[in-house]
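What follows is a short report on a single structure.
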Amino acid sequence: MISYFRDIDTIQPPVIKTHRAIREPPVKIKTDEIVSVIKQEIESFSSQLEISEVGRVVEVGDGIARIYGLSKAKASELIEFETKDGAVMGQVMNLEEDTVGAVIFGDFLAVKEGDTVKATGNLLSVPVGEAMLGRVVNPLGVPIDGGAEINTTEIAAVDIIAPGIAARQPVHEPMQTGIKAIDAMIPVGRGQRELIIGDRKTGKTAVSIDAIINQKQYWGTKDAVVCVYVAVGQKESTVAGVVQTLRDAGAMDYTIVVNAGSSDPAPLQYIAPYSGTAMGEHFMWTGKEEGKTMANGSPYPKHVLCVYDDLSKQAVAYRQLSLLLRRPPGREAFPGDVFYLHSRLLERSTKLSEENGAGSLTALPIIETQEGDVSAYIPTNVISITDGQIYLEPELFFSGVRPAINVGISVSRVGGAAQIKAMKKIAGSLRLDLAAYRELEAFAQLGTDLDKATKAQLDRGARMVEILKQPQYVPFNVVDQTISIYAGTKGYLDDVELTKVAAFEKDMHEYFQTSGKSIWDAINEAKALSEDLAKQLEEALKNFKAGWNG
C-alpha cells in the first residue's frame with residue numbers, strides 16, 4: 001500500500017494518438033534553438049524602475065497653479081502637468097507650507113483641478129547654438145516661424161547667476177550702432193547696458209533695429225556680433241514687421257528673435273528676456289574655444305547684442321503672476337521684487353576677462369514711459385541698473401528731428417572709452433555745442449536782435465542738428481560719421497542752405513568713396529585722426545566743396 005502511494009507520482013497518463021498524429025510525425029525542436037531565443041529575449045528586455053515625485057493640482061487659473069504633494073520640489077524646478085491633451089510644462093515659483101505655487105508655460109486652459117503633476121528635478125533650459133541663428137522661437141526655444149525643427153543637442157539654463165567681478169574687465173571696445181548721434185555723443189561699448197527710454201511711438205525699436213542691422217559689416221570676421229531680439233508683449237504683426245525688416249537687410253543671418261506676444265500667457269512673457277540672454281551667453285562663452293569655427297568656416301562669434309523690447313511689459317506680466325501667487329512684487333520684497341527681476345537679468349551683460357575669452361554681451365533694454373515720466377518706479381529701477389540711457393523725446397520726434405534723441409538727458413557712463421580715437425577727437429565738444437544751441441534757440445524766439453557771433457552760433461547749431469538726422473534703417477559706417485561731423489564742426493556747412501544739408505552730406509560720402517577713397521581707407525585703418533591725416537581730410541573737403549553745386 002505504502003509503495004503504491006509512493007510511486008503514484010511517477011505513473012504517466014496514456015498517450016492517445018489521433019489519426020492526424022499517426023499520419024504526421026511529431027515536430028522536433030532543437031534545444032540550442034530554444035536557448036538562443038531565450039537569450040535574445042533576456043538581452044532585449046530591460047527593466048527600468050522610474051521613481052518620480054507626483055502631486056495633484058488643487059487650484060488653477062490665469063497661468064498659475066497650486067499643487068499639493070510635491071514636498072521635495074525645489075525653487076525654479078521644472079514640472080510636468082499630465083493633461084488629457086498631453087504634457088504641459090511649468091515651473092515652481094512659490095514654496096509654501098502645504099502647497100507649491102507654479103506658473104504654467106503653454107495652454108493653461110488644458111490643466112484642470114485634480115490633474116497629476118510630476119517633478120522633473122531639472123531647471124528650465126532652452127536649446128542654444130548655431131542652429132538658432134535666423135530663427136524666430138518662443139521663450140522655450142520652440143520655432144514659431146513655420147520652419148523646420150531646430151537641430152541642436154546643446155541646451156543652457158535660462159536663469160543663472162551673472163559672472164563675478166573677477167571674470168570681467170572694463171568695457172573698452174565700441175559697439176557701433178550706425179546712428180551718428182549715439183556713436184558721437186552717447187557711445188555704447190561691448191559689454192555695456194544702455195537703456196533706450198521714451199514714450200510710445202518715438203522710435204525706440206527703430207534705434208535698436210538700426211544697431212542690429214549695423215552689425216552686418218562685422219559678420220564673418222573675428223569681430224562678428226550675434227544679435228538677439230526679444231519681443232515681450234508686442235503685437236504679432238509688429239514682430240512680423242521687425243523680422244521682415246531684418247530679413248530684407250540681410251540681418252537675420254546672425255539674429256535670433258525670441259517672441260512672447262501680447263496673446264501669450266504671462267509666464268512666457270516673464271521668462272522671455274532670460275531665455276534670449278541664455279541663447280546669447282552660449283556664444284559669449286563658447287567663442288573663447290581656440291580655433292572653433294562655424295559651419296561656413298568663419299570664426300565662432302563671441303560678441304552678443306541683446307535687445308529687450310520692452311521690459312515695461314515684462315514687469316506687468318511679472319506683477320500679474322506675483323499677485324495671483326500672493327507674492328509681493330514691491331520694493332522691499334527681495335528676492336521677489338520687480339527691481340531684482342531686472343537687475344538679475346541685466347547683470348548678465350558683461351565684457352569677459354582675457355582668461356575667459358574676452359567675449360561680451362551688450363544689452364539694450366527698452367522702457368516705455370508715460371507722458372515722459374522718467375521718475376516712475378520701473379524707469380528709475382532700470383536707469384539705476386544700466387550704464388546710461390538714450391532718451392527719445394516726443395517733441396523732437398514730431399518736429400522732424402529723428403532719431404529724436406534728447407542730448408541733455410541722454411548719457412553714457414562708459415563714454416570715450418567706447419569710441420574710436422578719430423570720433424573721440426572731433427565729437428568732444430559736440431554735446432556742449434548742441435546744448436548751447438538749444439539755449440540760444442529758446443532765447444532767439446523772443447525776437448530780440450542778435451549780434452553776429454550769436455547768429456553764427458545759431459546757424460552752426462542748426463546745421464549740426466540737420467547733419468545728425470538720419471533715415472530709419474540706414475546705419476552709417478563710423479568713418480562716414482566721422483567725416484560728416486568733422487565737416488559740420490569745422491564750418492564746411494555754415495553757408496549751405498538748411499534744406500540742402502542732407503544732399504551735401506550724401507554727395508560728400510560719394511566723393512569719399514571715389515576721389516577721396518584713399519583718405520577714407522586711411523581713417524578706416526588707423527581709426528584715428530593724426531595731424532597729417534586731418535590736413536589731408538581738410539584738403540579733400542575743400543576740393544569737394546569747390547566742385548559741389550548744390
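Following the order of the C-alpha cells, first chain is A, next is B, and so on, with residues numbered from 1 inside each chain and ligands from 1 in the order they appear.
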
Residues within 6 Å of range 57-66 of chain A, only C-alpha atoms, excluding chain neighbours under 5 positions, as a VMD selection string: chain A and resid 100 to 104 108 113 to 115

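Secondary structure of range 304-527 of chain A, strand (DSSP E or B) only (DSSP, backbone atoms): Val304, Leu305, Cys306, Val307, Tyr308, Asp309, Thr350, Lys351, Leu352, Ser360, Leu361, Thr362, Ala363, Leu364, Pro365, Ile366, Ile367, Glu368, Gly388, Gln389, Ile390, Tyr391, Leu392, Ile405, Val411 and Ser412 of chain A.
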
Looking at only C-alpha atoms, which of A:Tyr437, A:Tyr473, A:Tyr318, A:Tyr511 is the one that sits closest to Ala206 in chain A?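 Among the listed residues, A:Tyr473 lies closest to Ala206 in chain A.
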
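Among A:Tyr300, A:Tyr308, A:Phe334, A:Tyr270, the residue with the shortest atom-to-atom distance to Val228 in chain A, counting only C-alpha atoms, is A:Tyr308.
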
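For the choices A:Asp107, A:Thr277, A:Leu361, A:Lys302, the atom-to-atom distance to Asp264 in chain A is smallest for A:Asp107 when using only C-alpha atoms.
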
From the list A:Ala110, A:Met294, A:Ile182, A:Leu541, which residue is nearest Gly220 in chain A when using only C-alpha atoms?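 Going through A:Ala110, A:Met294, A:Ile182, A:Leu541 one by one, the smallest distance to Gly220 in chain A is for A:Met294.
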
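Note that CA of Gln234 in chain A and CA of Gln314 in chain A are 10.7 Å apart.
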
Could you give me, as JSON lines, a per-residue list for range 273-342 of chain A showing, wherever an atom lies at most 6 Å from an atom of range 362-385 of chain A, the closest pair of atoms and their distance in Å to one decimal, using only C-alpha atoms and sorting by chain then residue number from low to high?
{"residue": "A:Leu305", "atom": "CA", "partner": "A:Thr362", "partner_atom": "CA", "distance": 4.8}
{"residue": "A:Cys306", "atom": "CA", "partner": "A:Ala363", "partner_atom": "CA", "distance": 4.9}
{"residue": "A:Val307", "atom": "CA", "partner": "A:Leu364", "partner_atom": "CA", "distance": 4.8}
{"residue": "A:Tyr308", "atom": "CA", "partner": "A:Pro365", "partner_atom": "CA", "distance": 4.7}
{"residue": "A:Asp309", "atom": "CA", "partner": "A:Ile366", "partner_atom": "CA", "distance": 5.3}
{"residue": "A:Asp310", "atom": "CA", "partner": "A:Ile366", "partner_atom": "CA", "distance": 4.8}
{"residue": "A:Leu311", "atom": "CA", "partner": "A:Ile367", "partner_atom": "CA", "distance": 5.8}
{"residue": "A:Ser312", "atom": "CA", "partner": "A:Ile367", "partner_atom": "CA", "distance": 5.5}
{"residue": "A:Phe339", "atom": "CA", "partner": "A:Asn381", "partner_atom": "CA", "distance": 5.9}

Can you pull out every residue within 9 Å of Asp145 in chain A, counting only C-alpha atoms, but drop anything in the same chain fewer than 2 positions away, and send it as a short mmCIF file (atom, residue, chain, number, x, y, z; two decimals) with all heavy atoms, in the first residue's frame?
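File produced: part-v2.cif:
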data_model
loop_
_atom_site.label_atom_id
_atom_site.label_comp_id
_atom_site.auth_asym_id
_atom_site.auth_seq_id
_atom_site.Cartn_x
_atom_site.Cartn_y
_atom_site.Cartn_z
N ARG A 135 16.36 82.19 -36.75
CA ARG A 135 15.06 81.61 -36.42
C ARG A 135 14.25 82.51 -35.50
O ARG A 135 14.80 83.33 -34.76
CB ARG A 135 15.25 80.24 -35.73
CG ARG A 135 16.02 79.22 -36.54
CD ARG A 135 15.40 78.95 -37.91
NE ARG A 135 14.04 78.46 -37.83
CZ ARG A 135 13.71 77.17 -37.75
NH1 ARG A 135 14.66 76.24 -37.74
NH2 ARG A 135 12.44 76.80 -37.70
N VAL A 136 12.92 82.35 -35.56
CA VAL A 136 12.01 83.01 -34.63
C VAL A 136 11.46 81.92 -33.71
O VAL A 136 10.86 80.95 -34.18
CB VAL A 136 10.85 83.70 -35.37
CG1 VAL A 136 9.96 84.46 -34.38
CG2 VAL A 136 11.38 84.66 -36.43
N VAL A 137 11.71 82.04 -32.41
CA VAL A 137 11.33 81.00 -31.46
C VAL A 137 10.52 81.61 -30.32
O VAL A 137 10.54 82.81 -30.10
CB VAL A 137 12.58 80.28 -30.89
CG1 VAL A 137 13.35 79.57 -31.98
CG2 VAL A 137 13.49 81.25 -30.13
N PRO A 143 10.49 76.60 -32.36
CA PRO A 143 10.35 77.50 -33.52
C PRO A 143 8.89 77.85 -33.79
O PRO A 143 8.02 76.99 -33.72
CB PRO A 143 10.96 76.70 -34.68
CG PRO A 143 10.98 75.28 -34.23
CD PRO A 143 11.08 75.29 -32.73
N GLY A 147 9.29 77.13 -39.90
CA GLY A 147 10.43 76.41 -40.47
C GLY A 147 10.59 75.02 -39.86
O GLY A 147 9.74 74.53 -39.11
N ALA A 148 11.71 74.37 -40.20
CA ALA A 148 11.98 73.02 -39.73
C ALA A 148 12.29 73.03 -38.23
O ALA A 148 12.54 74.07 -37.63
CB ALA A 148 13.16 72.43 -40.51
#

Within 10 Å of Ile155 in chain A using only C-alpha atoms, minus same-chain residues under 3 positions, as a list in words: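 Result of the neighbour search: Leu124, Ser125, Val126, Pro127, Val128, Gly129, Gly141, Thr152, Val158, Ala278, Met279 and His282 of chain A.
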
N, CA and C atoms of the current selection, written as a PDB file, in the first residue's frame:
ATOM      1  N   LEU A 124      14.730  75.037 -15.712  1.00  0.00           N
ATOM      2  CA  LEU A 124      14.285  75.391 -17.060  1.00  0.00           C
ATOM      3  C   LEU A 124      15.486  75.662 -17.968  1.00  0.00           C
ATOM      4  N   SER A 125      15.528  74.998 -19.118  1.00  0.00           N
ATOM      5  CA  SER A 125      16.624  75.165 -20.088  1.00  0.00           C
ATOM      6  C   SER A 125      16.051  75.397 -21.470  1.00  0.00           C
ATOM      7  N   VAL A 126      16.871  75.996 -22.346  1.00  0.00           N
ATOM      8  CA  VAL A 126      16.465  76.230 -23.740  1.00  0.00           C
ATOM      9  C   VAL A 126      17.566  75.733 -24.677  1.00  0.00           C
ATOM     10  N   PRO A 127      17.204  75.353 -25.910  1.00  0.00           N
ATOM     11  CA  PRO A 127      18.238  74.964 -26.876  1.00  0.00           C
ATOM     12  C   PRO A 127      19.082  76.163 -27.282  1.00  0.00           C
ATOM     13  N   VAL A 128      20.371  75.949 -27.495  1.00  0.00           N
ATOM     14  CA  VAL A 128      21.286  77.023 -27.893  1.00  0.00           C
ATOM     15  C   VAL A 128      22.190  76.519 -29.008  1.00  0.00           C
ATOM     16  N   GLY A 129      22.928  77.430 -29.621  1.00  0.00           N
ATOM     17  CA  GLY A 129      23.906  77.041 -30.641  1.00  0.00           C
ATOM     18  C   GLY A 129      23.659  77.700 -31.981  1.00  0.00           C
ATOM     19  N   GLY A 141      12.220  78.044 -26.727  1.00  0.00           N
ATOM     20  CA  GLY A 141      13.126  77.624 -27.793  1.00  0.00           C
ATOM     21  C   GLY A 141      12.451  76.837 -28.894  1.00  0.00           C
ATOM     22  N   THR A 152      19.654  70.841 -32.664  1.00  0.00           N
ATOM     23  CA  THR A 152      20.794  71.131 -31.803  1.00  0.00           C
ATOM     24  C   THR A 152      20.708  70.269 -30.551  1.00  0.00           C
ATOM     25  N   VAL A 158      18.137  78.723 -18.239  1.00  0.00           N
ATOM     26  CA  VAL A 158      17.553  80.032 -18.544  1.00  0.00           C
ATOM     27  C   VAL A 158      17.950  81.083 -17.511  1.00  0.00           C
ATOM     28  N   ALA A 278      20.140  83.636 -22.340  1.00  0.00           N
ATOM     29  CA  ALA A 278      20.800  82.323 -22.306  1.00  0.00           C
ATOM     30  C   ALA A 278      21.278  81.912 -23.700  1.00  0.00           C
ATOM     31  N   MET A 279      20.458  82.211 -24.722  1.00  0.00           N
ATOM     32  CA  MET A 279      20.849  81.880 -26.096  1.00  0.00           C
ATOM     33  C   MET A 279      22.067  82.695 -26.527  1.00  0.00           C
ATOM     34  N   HIS A 282      25.588  81.637 -24.707  1.00  0.00           N
ATOM     35  CA  HIS A 282      26.275  80.471 -25.289  1.00  0.00           C
ATOM     36  C   HIS A 282      27.410  80.921 -26.205  1.00  0.00           C
TER      37      HIS A 282
END

Provide the CA of Ser412 in chain A to CA of Thr205 in chain A distance in Å, to one decimal place. 18.8 Å

My list of candidates is A:Asn214, A:Thr153, A:Asn122, A:Gln445. Which is closest to Thr177 in chain A when distances are computed with only C-alpha atoms?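 Nearest candidate to Thr177 in chain A out of A:Asn214, A:Thr153, A:Asn122, A:Gln445: A:Asn214.
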